[in-house]
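J.: Structure file my_file12.cif (mmCIF, C-alpha atoms) is given on the next line.
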data_upload
loop_
_atom_site.label_atom_id
_atom_site.label_comp_id
_atom_site.auth_asym_id
_atom_site.auth_seq_id
_atom_site.Cartn_x
_atom_site.Cartn_y
_atom_site.Cartn_z
CA MET A 895 6.10 9.74 -22.28
CA ASP A 896 3.84 7.83 -24.64
CA ASN A 897 5.60 4.45 -24.40
CA ALA A 898 3.73 1.92 -22.32
CA LEU A 899 5.69 1.04 -19.21
CA SER A 900 5.65 -2.69 -20.00
CA GLU A 901 7.26 -2.03 -23.41
CA ARG A 902 10.36 -0.43 -21.90
CA PRO A 903 13.46 -2.63 -21.39
CA GLU A 904 13.79 -1.24 -17.87
CA TYR A 905 10.43 -2.79 -16.97
CA ALA A 906 11.77 -6.33 -17.45
CA TRP A 907 14.83 -5.49 -15.36
CA LEU A 908 12.70 -3.99 -12.59
CA ARG A 909 10.40 -7.04 -12.55
CA GLU A 910 13.33 -9.45 -12.38
CA TYR A 911 14.97 -7.52 -9.57
CA LYS A 912 11.73 -7.11 -7.63
CA GLN A 913 10.85 -10.81 -7.90
CA ALA A 914 14.30 -11.83 -6.67
CA HIS A 915 14.68 -9.30 -3.85
CA ALA A 916 11.25 -8.03 -2.72
CA ARG A 917 11.23 -9.46 0.82
CA GLU A 918 14.80 -8.32 1.50
CA LEU A 919 14.08 -4.82 0.13
CA LEU A 920 10.94 -4.37 2.24
CA GLU A 921 12.77 -5.35 5.43
CA ARG A 922 15.98 -3.47 4.68
CA PHE A 923 14.31 -0.19 3.78
CA GLY A 924 11.23 -0.30 6.03
CA ALA A 925 8.66 -0.17 3.24
CA HIS A 926 5.27 -1.90 3.44
CA ALA A 927 4.91 -2.46 -0.31
CA LEU A 928 6.97 -2.45 -3.47
CA GLY A 929 5.83 -1.72 -7.01
CA ILE A 930 6.93 -0.70 -10.48
CA GLY A 931 5.77 2.50 -12.09
CA TRP A 932 6.77 5.87 -13.44
CA LYS A 933 9.13 7.90 -11.27
CA ARG A 934 7.65 11.14 -9.97
CA VAL A 935 9.59 14.29 -9.18
CA ALA A 936 7.85 17.11 -7.31
CA GLY A 937 4.53 15.37 -7.94
CA GLN A 938 5.02 15.21 -11.70
CA ARG A 939 5.37 11.93 -13.60
CA THR A 940 8.60 11.53 -15.51
CA ASP A 941 9.27 9.18 -18.42
CA GLN A 942 11.56 7.02 -16.26
CA PRO A 943 10.46 3.61 -14.95
CA ALA A 944 11.28 3.07 -11.29
CA LEU A 945 11.08 0.62 -8.42
CA ILE A 946 8.58 2.26 -6.09
CA PHE A 947 8.88 1.89 -2.33
CA TYR A 948 5.67 2.57 -0.42
CA VAL A 949 6.29 3.87 3.11
CA GLN A 950 3.89 4.99 5.78
CA GLU A 951 5.71 8.26 6.23
CA LYS A 952 8.68 9.86 4.51
CA LYS A 953 11.33 10.80 7.04
CA GLY A 954 14.66 12.57 7.04
CA LEU A 955 17.88 10.56 7.19
CA ASP A 956 18.31 11.40 10.88
CA GLU A 957 14.80 10.08 11.67
CA ILE A 958 14.88 6.62 10.08
CA ASP A 959 15.85 3.38 11.79
CA THR A 960 16.46 1.44 8.55
CA ASP A 961 18.82 1.89 5.64
CA PRO A 962 17.92 4.92 3.50
CA ILE A 963 16.34 4.07 0.15
CA PRO A 964 18.93 4.80 -2.54
CA ALA A 965 18.12 6.91 -5.62
CA SER A 966 19.12 3.95 -7.78
CA ILE A 967 20.17 0.33 -7.41
CA ALA A 968 22.85 -1.39 -9.52
CA PHE A 969 21.65 -4.66 -11.07
CA THR A 970 22.93 -7.10 -13.66
CA PRO A 971 19.97 -8.67 -15.51
CA SER A 972 20.11 -12.43 -16.05
CA ASN A 973 20.29 -12.07 -19.85
CA SER A 974 23.14 -9.57 -19.79
CA ASP A 975 26.66 -9.10 -18.53
CA GLN A 976 26.22 -5.34 -18.17
CA THR A 977 25.12 -3.68 -14.96
CA VAL A 978 22.19 -1.27 -15.21
CA LEU A 979 20.95 1.32 -12.75
CA LEU A 980 17.37 0.86 -11.61
CA LEU A 981 15.82 4.12 -10.46
CA THR A 982 13.80 4.19 -7.26
CA ASP A 983 10.99 6.34 -5.97
CA VAL A 984 9.46 6.68 -2.52
CA VAL A 985 5.71 7.15 -2.14
CA GLU A 986 4.02 7.97 1.15
CA SER A 987 1.01 5.71 1.59
CA PRO A 988 -0.74 4.09 4.55
CA PRO A 989 -0.30 0.32 4.83
CA PRO A 990 -3.22 -1.65 3.41
CA GLN A 991 -5.91 -2.64 5.89
CA LEU A 992 -7.70 -5.95 5.46
CA GLU A 993 -11.42 -6.05 5.95
CA PRO A 994 -12.60 -7.94 9.05
CA GLY A 995 -12.97 -11.62 8.29
CA SER A 996 -10.63 -11.62 5.28
CA SER A 997 -7.72 -14.02 5.34
CA GLY A 998 -5.30 -11.81 3.36
#
In structure tokens, what does this structure look like?

T.:
Amino acid sequence: MDNALSERPEYAWLREYKQAHARELLERFGAHALGIGWKRVAGQRTDQPALIFYVQEKKGLDEIDTDPIPASIAFTPSNSDQTVLLLTDVVESPPPQLEPGSSG
């Protein structure tokens, strides 16, 4: 786990995908933010880069009113003809609050 995230080939793929689809992903999956980072499993960081969905509250499949966030997303990077799987992670986090008087 000593490789810097930005040095991994997956990082470029995640950035490309996020830049092209961020608004759609936020709406489709009910997240309030989207990031790139190390996937966590049971609170422990793995060595796998992931597209991170930030949600106000994690819910069971029977409790959500949006599409469930998949464990991975198939993507064909622009400089390749091969499809790769981008891992995802879901992090529970309150939406950001702007300070009074800020324009956001």

J.: In Å, with one decimal, what is the gap from CA of Ser966 in chain A to CA of Leu980 in chain A?

T.: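 Those two atoms sit 5.2 Å apart.
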
J.: Starting from the displayed file, determine the output of the PyMOL selection byres ((chain A and resi 917-932) around 6) and express the residue list as a ChimeraX atom specification.

T.: /A:915-916,933,942-949,960-961,963

J.: Between CA of Gly954 in chain A and CA of Val984 in chain A, measure the distance and give it in Å to one decimal.

T.: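 About the pair CA of Gly954 in chain A and CA of Val984 in chain A: they are 12.4 Å apart.
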
J.: Just say which residues the PyMOL selection byres ((chain A and resi 965) around 8) picks in this file, as a list of chain:residue names.

T.: A:Ile963, A:Pro964, A:Ser966, A:Ile967, A:Leu981, A:Thr982, A:Asp983

J.: Given the file shown, enumerate the residues that the PyMOL selection byres ((chain A and resi 968) around 6) captures and present them as a PDB file with C-alpha atoms, in the frame of the given file.

T.:
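Below is the file that was written, out_9.pdb:
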ATOM      1  CA  ILE A 967      20.170   0.330  -7.410  1.00  0.00           C
ATOM      2  CA  PHE A 969      21.650  -4.660 -11.070  1.00  0.00           C
ATOM      3  CA  VAL A 978      22.190  -1.270 -15.210  1.00  0.00           C
ATOM      4  CA  LEU A 979      20.950   1.320 -12.750  1.00  0.00           C
TER       5      LEU A 979
END

J.: For Ser972 in chain A, which residue among A:Ala898, A:Pro903, A:Tyr911, A:Arg934 is the nearest when counting only C-alpha atoms?

T.: A:Tyr911

J.: Using CA of Trp907 in chain A and CA of Pro962 in chain A as the two end points, give the distance in Å to one decimal.

T.: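 CA of Pro962 in chain A lies at a distance of 21.8 Å from CA of Trp907 in chain A.
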
J.: With 8 Å added on each side, what axis-aligned box encloses every listed atom of range 949-958 of chain A? Give the centre and edge lengths in Å to one decimal, as lines of an AutoDock Vina configuration file.

T.:
center_x = 11.1
center_y = 8.2
center_z = 7.4
size_x = 30.4
size_y = 24.7
size_z = 24.6

J.: Using the structure just given, write a file holding C-alpha atoms for range 904-978 of chain A, as a short mmCIF file (atom, residue, chain, number, x, y, z; two decimals), in the first residue's frame.

T.:
data_model
loop_
_atom_site.label_atom_id
_atom_site.label_comp_id
_atom_site.auth_asym_id
_atom_site.auth_seq_id
_atom_site.Cartn_x
_atom_site.Cartn_y
_atom_site.Cartn_z
CA GLU A 904 -6.66 3.33 -11.99
CA TYR A 905 -6.44 6.91 -10.72
CA ALA A 906 -6.42 8.33 -14.26
CA TRP A 907 -9.38 6.13 -15.19
CA LEU A 908 -11.31 7.20 -12.09
CA ARG A 909 -10.62 10.88 -12.79
CA GLU A 910 -11.72 10.58 -16.41
CA TYR A 911 -14.91 8.77 -15.45
CA LYS A 912 -15.71 11.17 -12.61
CA GLN A 913 -15.18 14.25 -14.78
CA ALA A 914 -17.45 12.88 -17.50
CA HIS A 915 -20.24 11.52 -15.29
CA ALA A 916 -20.20 13.26 -11.87
CA ARG A 917 -23.55 15.08 -12.11
CA GLU A 918 -25.34 12.01 -13.46
CA LEU A 919 -23.81 9.77 -10.77
CA LEU A 920 -24.79 12.10 -7.92
CA GLU A 921 -28.40 12.26 -9.11
CA ARG A 922 -28.72 8.59 -10.02
CA PHE A 923 -27.33 7.26 -6.75
CA GLY A 924 -28.47 9.97 -4.32
CA ALA A 925 -25.00 11.00 -3.17
CA HIS A 926 -24.11 14.56 -2.16
CA ALA A 927 -20.44 14.32 -3.16
CA LEU A 928 -18.11 12.18 -5.20
CA GLY A 929 -14.39 11.64 -4.72
CA ILE A 930 -11.46 9.37 -5.47
CA GLY A 931 -9.55 7.59 -2.76
CA TRP A 932 -8.59 4.26 -1.27
CA LYS A 933 -11.40 1.75 -0.86
CA ARG A 934 -12.15 0.83 2.74
CA VAL A 935 -13.52 -2.49 3.93
CA ALA A 936 -14.73 -2.81 7.52
CA GLY A 937 -13.07 0.52 8.29
CA GLN A 938 -9.66 -0.58 7.02
CA ARG A 939 -7.99 1.01 4.00
CA THR A 940 -7.21 -1.38 1.17
CA ASP A 941 -4.68 -0.89 -1.62
CA GLN A 942 -7.45 -0.47 -4.20
CA PRO A 943 -8.35 2.94 -5.65
CA ALA A 944 -12.08 3.60 -5.77
CA LEU A 945 -14.74 6.09 -6.77
CA ILE A 946 -16.14 7.22 -3.43
CA PHE A 947 -19.80 8.13 -3.06
CA TYR A 948 -20.57 10.31 -0.05
CA VAL A 949 -24.11 9.80 1.27
CA GLN A 950 -25.87 11.30 4.25
CA GLU A 951 -26.88 7.89 5.53
CA LYS A 952 -26.20 4.36 4.37
CA LYS A 953 -29.45 2.47 3.88
CA GLY A 954 -30.51 -1.03 2.98
CA LEU A 955 -31.70 -1.82 -0.54
CA ASP A 956 -35.32 -1.84 0.61
CA GLU A 957 -34.94 1.66 2.12
CA ILE A 958 -33.47 3.63 -0.80
CA ASP A 959 -35.41 5.59 -3.39
CA THR A 960 -32.54 5.77 -5.91
CA ASP A 961 -30.54 3.16 -7.78
CA PRO A 962 -28.21 1.19 -5.48
CA ILE A 963 -24.54 2.09 -5.80
CA PRO A 964 -22.82 -0.82 -7.57
CA ALA A 965 -19.65 -2.42 -6.19
CA SER A 966 -17.92 -1.57 -9.47
CA ILE A 967 -18.61 0.29 -12.69
CA ALA A 968 -17.48 -0.85 -16.16
CA PHE A 969 -15.63 1.87 -18.08
CA THR A 970 -13.59 2.08 -21.27
CA PRO A 971 -10.89 4.76 -20.88
CA SER A 972 -10.43 7.13 -23.81
CA ASN A 973 -6.89 5.89 -24.51
CA SER A 974 -7.86 2.22 -24.55
CA ASP A 975 -10.18 -0.23 -26.23
CA GLN A 976 -10.37 -2.44 -23.14
CA THR A 977 -13.06 -2.08 -20.51
CA VAL A 978 -11.88 -1.80 -16.91
#
